[in-house]
file upload.txt (compact mmCIF, C-alpha atoms)
# COMPACT_ATOMS: atom_id res chain seq x y z
CA MET A 1 -21.17 17.59 1.41
CA ALA A 2 -21.72 20.96 -0.24
CA LYS A 3 -18.61 22.58 -1.62
CA THR A 4 -17.73 25.90 -0.01
CA ASP A 5 -14.75 28.19 -0.14
CA ALA A 6 -13.85 26.91 3.32
CA ASN A 7 -13.61 23.24 2.48
CA LYS A 8 -12.46 23.25 -1.13
CA PRO A 9 -8.69 23.32 -1.79
CA LYS A 10 -7.74 26.29 -3.90
CA ILE A 11 -5.76 25.06 -6.88
CA LYS A 12 -3.75 27.75 -8.59
CA LYS A 13 -3.25 27.38 -12.28
CA GLY A 14 0.09 28.01 -13.85
CA LYS A 15 3.16 26.41 -15.23
CA LYS A 16 4.72 23.60 -13.26
CA PRO A 17 7.97 24.79 -11.62
CA GLY A 18 11.09 22.77 -12.28
CA GLU A 19 12.60 20.66 -9.54
CA PRO A 20 15.23 22.60 -7.55
CA GLU A 21 18.73 21.20 -7.30
CA THR A 22 19.94 23.26 -4.34
CA VAL A 23 18.47 24.70 -1.13
CA ALA A 24 18.95 28.21 -2.52
CA GLU A 25 16.96 27.32 -5.64
CA ALA A 26 14.22 25.77 -3.51
CA ARG A 27 13.87 28.96 -1.45
CA VAL A 28 13.51 31.04 -4.61
CA LEU A 29 11.03 28.56 -6.07
CA GLU A 30 8.82 28.65 -2.96
CA LYS A 31 8.20 32.36 -3.53
CA GLU A 32 6.66 31.74 -6.94
CA PRO A 33 2.83 32.13 -6.88
CA GLU A 34 2.27 28.83 -8.66
CA TYR A 35 4.41 26.81 -6.22
CA TRP A 36 1.88 26.30 -3.44
CA GLN A 37 -1.15 24.31 -4.53
CA LEU A 38 -3.20 23.38 -1.49
CA THR A 39 -4.12 19.73 -0.98
CA ASP A 40 -6.84 18.41 1.28
CA ASP A 41 -4.16 17.25 3.71
CA GLU A 42 -2.75 20.77 4.03
CA VAL A 43 -6.18 22.35 4.45
CA LEU A 44 -7.02 19.85 7.20
CA LEU A 45 -3.69 20.10 9.05
CA ARG A 46 -3.14 23.86 8.90
CA SER A 47 -3.51 25.76 12.16
CA PRO A 48 -6.52 28.11 12.32
CA GLU A 49 -5.87 31.86 12.20
CA PRO A 50 -8.03 34.54 13.88
CA GLU A 51 -9.46 35.83 10.62
CA ASP A 52 -10.32 32.37 9.27
CA GLU A 53 -13.90 31.38 8.55
CA TYR A 54 -13.16 27.78 9.55
CA LYS A 55 -15.24 27.67 12.70
CA THR A 56 -17.16 24.56 11.65
CA SER A 57 -15.48 23.39 8.44
CA ASP A 58 -13.05 20.95 10.09
CA SER A 59 -15.91 19.05 11.71
CA TRP A 60 -17.75 18.89 8.38
CA ARG A 61 -14.55 17.73 6.68
CA VAL A 62 -14.80 14.56 8.78
CA PHE A 63 -17.51 13.37 6.39
CA ARG A 64 -15.14 13.64 3.44
CA ILE A 65 -12.52 11.68 5.39
CA MET A 66 -15.11 9.08 6.35
CA GLY A 67 -16.16 8.77 2.72
CA GLU A 68 -12.57 8.17 1.66
CA PHE A 69 -12.21 5.40 4.25
CA VAL A 70 -15.47 3.77 3.12
CA GLY A 71 -14.46 3.97 -0.54
CA GLY A 72 -11.06 2.44 0.20
CA PHE A 73 -12.53 -0.38 2.28
CA ASP A 74 -15.08 -1.16 -0.45
CA ASP A 75 -12.54 -1.13 -3.29
CA LEU A 76 -10.01 -3.31 -1.45
CA ALA A 77 -12.40 -5.72 0.24
CA THR A 78 -11.32 -8.62 -1.99
CA ILE A 79 -7.59 -8.19 -1.23
CA THR A 80 -6.75 -11.01 1.20
CA ARG A 81 -3.10 -11.78 0.34
CA GLY A 82 -1.75 -8.32 -0.31
CA VAL A 83 1.93 -7.41 -0.27
CA SER A 84 2.84 -3.73 -0.39
CA ILE A 85 6.02 -2.72 -2.21
CA PHE A 86 7.55 0.68 -1.51
CA GLY A 87 10.48 2.60 -2.94
CA SER A 88 11.56 5.74 -4.72
CA ALA A 89 9.41 7.31 -7.43
CA ARG A 90 12.68 8.50 -8.98
CA THR A 91 14.12 5.07 -9.78
CA ALA A 92 14.52 4.88 -13.56
CA GLU A 93 13.41 2.02 -15.78
CA GLY A 94 16.28 -0.33 -16.63
CA THR A 95 18.17 0.23 -13.38
CA GLU A 96 19.11 -2.64 -11.10
CA MET A 97 16.52 -1.74 -8.46
CA TYR A 98 13.72 -1.21 -10.98
CA ASP A 99 14.37 -4.66 -12.46
CA ALA A 100 14.60 -6.24 -8.99
CA ALA A 101 11.27 -4.71 -7.91
CA ARG A 102 9.63 -5.88 -11.12
CA GLU A 103 10.95 -9.42 -10.64
CA THR A 104 10.04 -9.54 -6.94
CA ALA A 105 6.47 -8.47 -7.65
CA LYS A 106 6.16 -10.95 -10.51
CA LEU A 107 7.34 -13.82 -8.31
CA LEU A 108 5.02 -12.81 -5.47
CA ALA A 109 2.07 -12.52 -7.84
CA GLU A 110 2.78 -15.95 -9.33
CA VAL A 111 2.54 -17.59 -5.90
CA GLY A 112 -0.81 -15.96 -5.16
CA PHE A 113 -0.12 -12.58 -3.61
CA GLU A 114 -1.80 -9.35 -4.71
CA ILE A 115 0.65 -6.49 -5.23
CA ILE A 116 -0.11 -3.07 -3.74
CA THR A 117 1.91 0.08 -4.41
CA GLY A 118 1.55 3.84 -4.22
CA GLY A 119 0.55 3.79 -7.88
CA GLY A 120 3.21 6.19 -9.16
CA PRO A 121 6.43 5.90 -11.17
CA GLY A 122 9.80 4.37 -10.26
CA ILE A 123 9.75 1.38 -7.91
CA MET A 124 5.96 1.61 -7.71
CA GLU A 125 5.67 1.29 -11.48
CA ALA A 126 8.16 -1.59 -11.52
CA ALA A 127 6.21 -3.54 -8.89
CA ASN A 128 2.84 -2.95 -10.55
CA ARG A 129 4.41 -3.91 -13.86
CA GLY A 130 5.70 -7.23 -12.53
CA ALA A 131 2.27 -8.21 -11.20
CA PHE A 132 0.52 -6.94 -14.33
CA GLU A 133 2.82 -8.92 -16.63
CA ALA A 134 2.13 -12.02 -14.55
CA GLY A 135 -1.58 -11.50 -15.25
CA LYS A 136 -2.37 -11.03 -11.55
CA VAL A 137 -3.85 -8.36 -9.28
CA SER A 138 -1.91 -5.09 -9.39
CA VAL A 139 -3.24 -2.35 -7.11
CA GLY A 140 -2.18 1.30 -7.13
CA CYS A 141 -3.13 3.63 -4.26
CA ASN A 142 -2.21 7.05 -5.61
CA ILE A 143 -2.14 10.25 -3.54
CA GLU A 144 -3.13 13.81 -4.37
CA LEU A 145 0.03 15.93 -4.38
CA PRO A 146 0.61 19.64 -5.08
CA PHE A 147 2.17 18.55 -8.38
CA GLU A 148 0.16 15.63 -9.68
CA GLN A 149 1.73 12.18 -9.53
CA ASP A 150 0.56 10.41 -12.66
CA PRO A 151 -0.61 6.83 -12.06
CA ASN A 152 1.47 4.23 -13.85
CA PRO A 153 -0.28 2.16 -16.56
CA TYR A 154 0.31 -1.28 -14.98
CA GLN A 155 -2.65 -1.43 -12.61
CA THR A 156 -5.70 -3.68 -12.57
CA LYS A 157 -7.19 -1.60 -9.75
CA SER A 158 -6.37 2.09 -9.42
CA MET A 159 -7.43 4.35 -6.55
CA SER A 160 -6.72 7.94 -5.58
CA PHE A 161 -6.62 9.35 -2.06
CA LYS A 162 -6.69 12.92 -0.81
CA TYR A 163 -5.38 12.14 2.67
CA PHE A 164 -2.06 10.46 3.42
CA PHE A 165 -3.31 8.92 6.66
CA VAL A 166 -6.25 7.25 4.91
CA ARG A 167 -3.95 5.85 2.23
CA LYS A 168 -1.48 4.59 4.83
CA THR A 169 -4.29 2.81 6.64
CA MET A 170 -5.10 0.95 3.42
CA PHE A 171 -1.49 -0.20 3.05
CA ILE A 172 -1.42 -1.55 6.60
CA LYS A 173 -4.90 -3.09 6.60
CA TYR A 174 -4.61 -4.98 3.32
CA SER A 175 -0.96 -6.07 3.51
CA ASN A 176 0.46 -9.32 4.81
CA ALA A 177 4.02 -8.12 4.20
CA TYR A 178 6.02 -5.04 3.21
CA VAL A 179 8.94 -5.03 0.78
CA ILE A 180 10.95 -1.82 1.14
CA PHE A 181 13.21 -0.86 -1.76
CA PRO A 182 15.58 2.12 -1.63
CA GLY A 183 13.62 5.34 -1.36
CA GLY A 184 13.27 8.71 0.31
CA PHE A 185 11.23 10.25 3.10
CA GLY A 186 7.96 8.61 2.04
CA THR A 187 9.57 5.17 1.95
CA MET A 188 11.09 5.74 5.41
CA ASP A 189 7.71 6.87 6.67
CA GLU A 190 6.03 3.65 5.58
CA LEU A 191 8.88 1.53 6.96
CA PHE A 192 8.96 3.08 10.43
CA GLU A 193 5.19 3.26 10.76
CA ALA A 194 4.99 -0.50 10.16
CA LEU A 195 7.83 -1.18 12.60
CA THR A 196 6.20 1.02 15.25
CA LEU A 197 2.84 -0.72 14.91
CA ILE A 198 4.47 -4.16 15.09
CA GLN A 199 6.75 -3.24 18.00
CA THR A 200 3.86 -1.81 20.02
CA ARG A 201 1.63 -4.77 19.07
CA LYS A 202 -0.98 -2.57 17.46
CA ILE A 203 -0.82 -5.00 14.55
CA ARG A 204 0.38 -8.57 14.33
CA ASN A 205 3.96 -9.09 13.34
CA PHE A 206 4.28 -9.42 9.57
CA PRO A 207 7.35 -9.69 7.32
CA VAL A 208 9.18 -6.44 6.62
CA VAL A 209 11.80 -6.99 3.92
CA LEU A 210 14.53 -4.43 3.25
CA PHE A 211 15.77 -4.89 -0.31
CA GLY A 212 19.26 -3.66 -1.19
CA SER A 213 21.89 -4.32 1.48
CA GLN A 214 24.25 -1.58 0.33
CA TYR A 215 21.51 1.04 0.63
CA TRP A 216 20.21 -0.05 4.03
CA ARG A 217 23.38 -1.03 5.87
CA GLY A 218 24.16 2.54 6.92
CA LEU A 219 20.74 2.88 8.55
CA LEU A 220 21.03 -0.53 10.22
CA ALA A 221 24.50 0.36 11.51
CA TRP A 222 23.12 3.57 13.03
CA LEU A 223 20.21 1.73 14.62
CA THR A 224 22.73 -0.67 16.17
CA SER A 225 25.43 1.77 17.23
CA THR A 226 23.22 4.62 18.38
CA MET A 227 19.59 3.68 18.95
CA ILE A 228 20.29 0.34 20.63
CA ASN A 229 23.33 1.75 22.44
CA GLU A 230 21.17 4.53 23.91
CA GLY A 231 18.58 1.98 25.00
CA ASN A 232 15.84 3.43 22.81
CA ILE A 233 15.11 0.10 21.12
CA LYS A 234 15.97 -3.46 22.06
CA PRO A 235 18.47 -5.58 20.09
CA GLU A 236 15.69 -8.00 19.14
CA ASP A 237 13.80 -5.16 17.45
CA LEU A 238 16.20 -5.45 14.54
CA GLY A 239 14.71 -8.91 14.03
CA LEU A 240 11.57 -7.20 12.73
CA MET A 241 13.43 -6.62 9.45
CA HIS A 242 14.86 -9.04 6.90
CA LEU A 243 17.67 -7.76 4.67
CA THR A 244 18.20 -9.23 1.22
CA ASP A 245 19.47 -8.60 -2.31
CA SER A 246 17.55 -11.44 -3.91
CA PRO A 247 13.97 -11.41 -5.26
CA ASN A 248 13.79 -15.17 -4.70
CA ASP A 249 14.93 -14.83 -1.09
CA ALA A 250 12.41 -12.05 -0.44
CA VAL A 251 9.58 -14.21 -1.79
CA GLU A 252 10.71 -17.30 0.10
CA PHE A 253 10.92 -15.35 3.36
CA ILE A 254 7.43 -13.91 2.91
CA LEU A 255 6.00 -17.31 1.95
CA LYS A 256 7.65 -19.01 4.91
CA THR A 257 6.34 -16.53 7.47
CA PHE A 258 2.92 -16.25 5.80
CA ASN A 259 2.40 -20.01 5.71
CA ALA A 260 3.60 -20.34 9.30
CA GLY A 261 0.94 -17.90 10.49
CA THR A 262 1.82 -14.99 12.72
CA PRO A 263 5.61 -14.92 13.17
CA ALA A 264 6.86 -15.35 16.70
CA PRO A 265 8.52 -12.36 18.38
CA ALA A 266 11.99 -11.93 16.96
CA THR A 267 14.89 -13.28 19.00
CA GLY A 268 17.80 -12.53 16.66
CA SER A 269 18.89 -9.66 14.50
CA GLY A 270 17.15 -10.97 11.39
CA ILE A 271 19.84 -9.19 9.39
CA GLU A 272 21.72 -11.35 6.95
CA SER A 273 24.99 -10.64 5.23
call {"tool": "encode", "arguments": {"input": "upload.txt", "output": "structure tokens"}}
result
Amino acid sequence: MAKTDANKPKIKKGKKPGEPETVAEARVLEKEPEYWQLTDDEVLLRSPEPEDEYKTSDSWRVFRIMGEFVGGFDDLATITRGVSIFGSARTAEGTEMYDAARETAKLLAEVGFEIITGGGPGIMEAANRGAFEAGKVSVGCNIELPFEQDPNPYQTKSMSFKYFFVRKTMFIKYSNAYVIFPGGFGTMDELFEALTLIQTRKIRNFPVVLFGSQYWRGLLAWLTSTMINEGNIKPEDLGLMHLTDSPNDAVEFILKTFNAGTPAPATGSGIES
């Protein structure tokens, strides 16, 4: 597709702003000219304005999206036992969760699973590192962000996506299980998308492991006391998640459900103490 001013994100050069620590600082930072660096996602999802020359560009942009899907499918075609590991990009090396993600990925890789992450730092780096150190397949699916997320060095296959929804499709399509470590909005997004697809039977039920009981118990308590109490989910929906603090337990649970084929619909809470 020919590049035009209408379909090419406009990247503004300039120094990289520091990360704000308060809402007030964030509001000031947003006014800086170098703050907003348009990504393909933003260009696609923005609402048209009367003066825009975007009359046909969105339809042409479909070809770029299609190309990204085709590239992803081609690159990941050999991944048949993938496990995606999610968690915060801000988790520092040497912390308990970093070490646990590294160990979990290493154990999964050693029993024949390919490890897939978002390709960035923190938990993603730890998981890729565990698989890489085991000498196994370590996949990173990076994403274009306004401030570039550098890919970690522990990948045997590295990819970069412009569109979040294309990248998320790759995680779902090539994963046989999710392991969710403590994280932020992006981690929650991946967790609840998987749960929604499983609950609505858009995909077959696969293991969803929540790692770190102290971190997740507040969310699980709210799901129980509020969401179930209001009738918005069923009690058995909690059985779609398996809570653990042990890399060995996470691997054993995934192996058990993977070897048993498609897990049966959950009948219990699935939440362990």
call {"tool": "closest_residue", "arguments": {"input": "upload.txt", "among": "A:Thr257, A:Thr187, A:Gln214, A:Thr104", "to": "A:Ala127", "atoms": "all atoms listed in the file"}}
result
A:Thr104
call {"tool": "residues_around", "arguments": {"input": "upload.txt", "residues": "A:Thr117", "least_positions_apart": "5", "cutoff": "8 Å", "atoms": "all atoms listed in the file", "output": "PDB file with C-alpha atoms, in the frame of the given file"}}
result
ATOM      1  CA  SER A  84       2.840  -3.730  -0.390  1.00  0.00           C
ATOM      2  CA  ILE A  85       6.020  -2.720  -2.210  1.00  0.00           C
ATOM      3  CA  PHE A  86       7.550   0.680  -1.510  1.00  0.00           C
ATOM      4  CA  MET A 124       5.960   1.610  -7.710  1.00  0.00           C
ATOM      5  CA  ALA A 127       6.210  -3.540  -8.890  1.00  0.00           C
ATOM      6  CA  ASN A 128       2.840  -2.950 -10.550  1.00  0.00           C
ATOM      7  CA  VAL A 139      -3.240  -2.350  -7.110  1.00  0.00           C
ATOM      8  CA  GLY A 140      -2.180   1.300  -7.130  1.00  0.00           C
ATOM      9  CA  CYS A 141      -3.130   3.630  -4.260  1.00  0.00           C
TER      10      CYS A 141
END
call {"tool": "closest_residue", "arguments": {"input": "upload.txt", "among": "A:Thr169, A:Gln155, A:Ser160, A:Thr244", "to": "A:Asn142", "atoms": "only C-alpha atoms"}}
result
A:Ser160
call {"tool": "closest_residue", "arguments": {"input": "upload.txt", "among": "A:Met97, A:Ile228, A:Ala131, A:Ala109", "to": "A:Ser246", "atoms": "only C-alpha atoms"}}
result
A:Met97
call {"tool": "closest_residue", "arguments": {"input": "upload.txt", "among": "A:Glu236, A:Gly120, A:Ile180, A:Thr196", "to": "A:Tyr215", "atoms": "only C-alpha atoms"}}
result
A:Ile180
call {"tool": "atom_distance", "arguments": {"input": "upload.txt", "atom1": "atom CA of A:Phe192", "atom2": "atom CA of A:Ser88"}}
result
15.6 Å
call {"tool": "closest_residue", "arguments": {"input": "upload.txt", "among": "A:Phe161, A:Phe258, A:Ile143, A:Leu243", "to": "A:Leu219", "atoms": "only C-alpha atoms"}}
result
A:Leu243
call {"tool": "closest_residue", "arguments": {"input": "upload.txt", "among": "A:Trp60, A:Phe181, A:Phe132, A:Tyr163", "to": "A:Glu110", "atoms": "only C-alpha atoms"}}
result
A:Phe132
call {"tool": "atom_distance", "arguments": {"input": "upload.txt", "atom1": "atom CA of A:Gly239", "atom2": "atom CA of A:Gly130"}}
result
28.1 Å
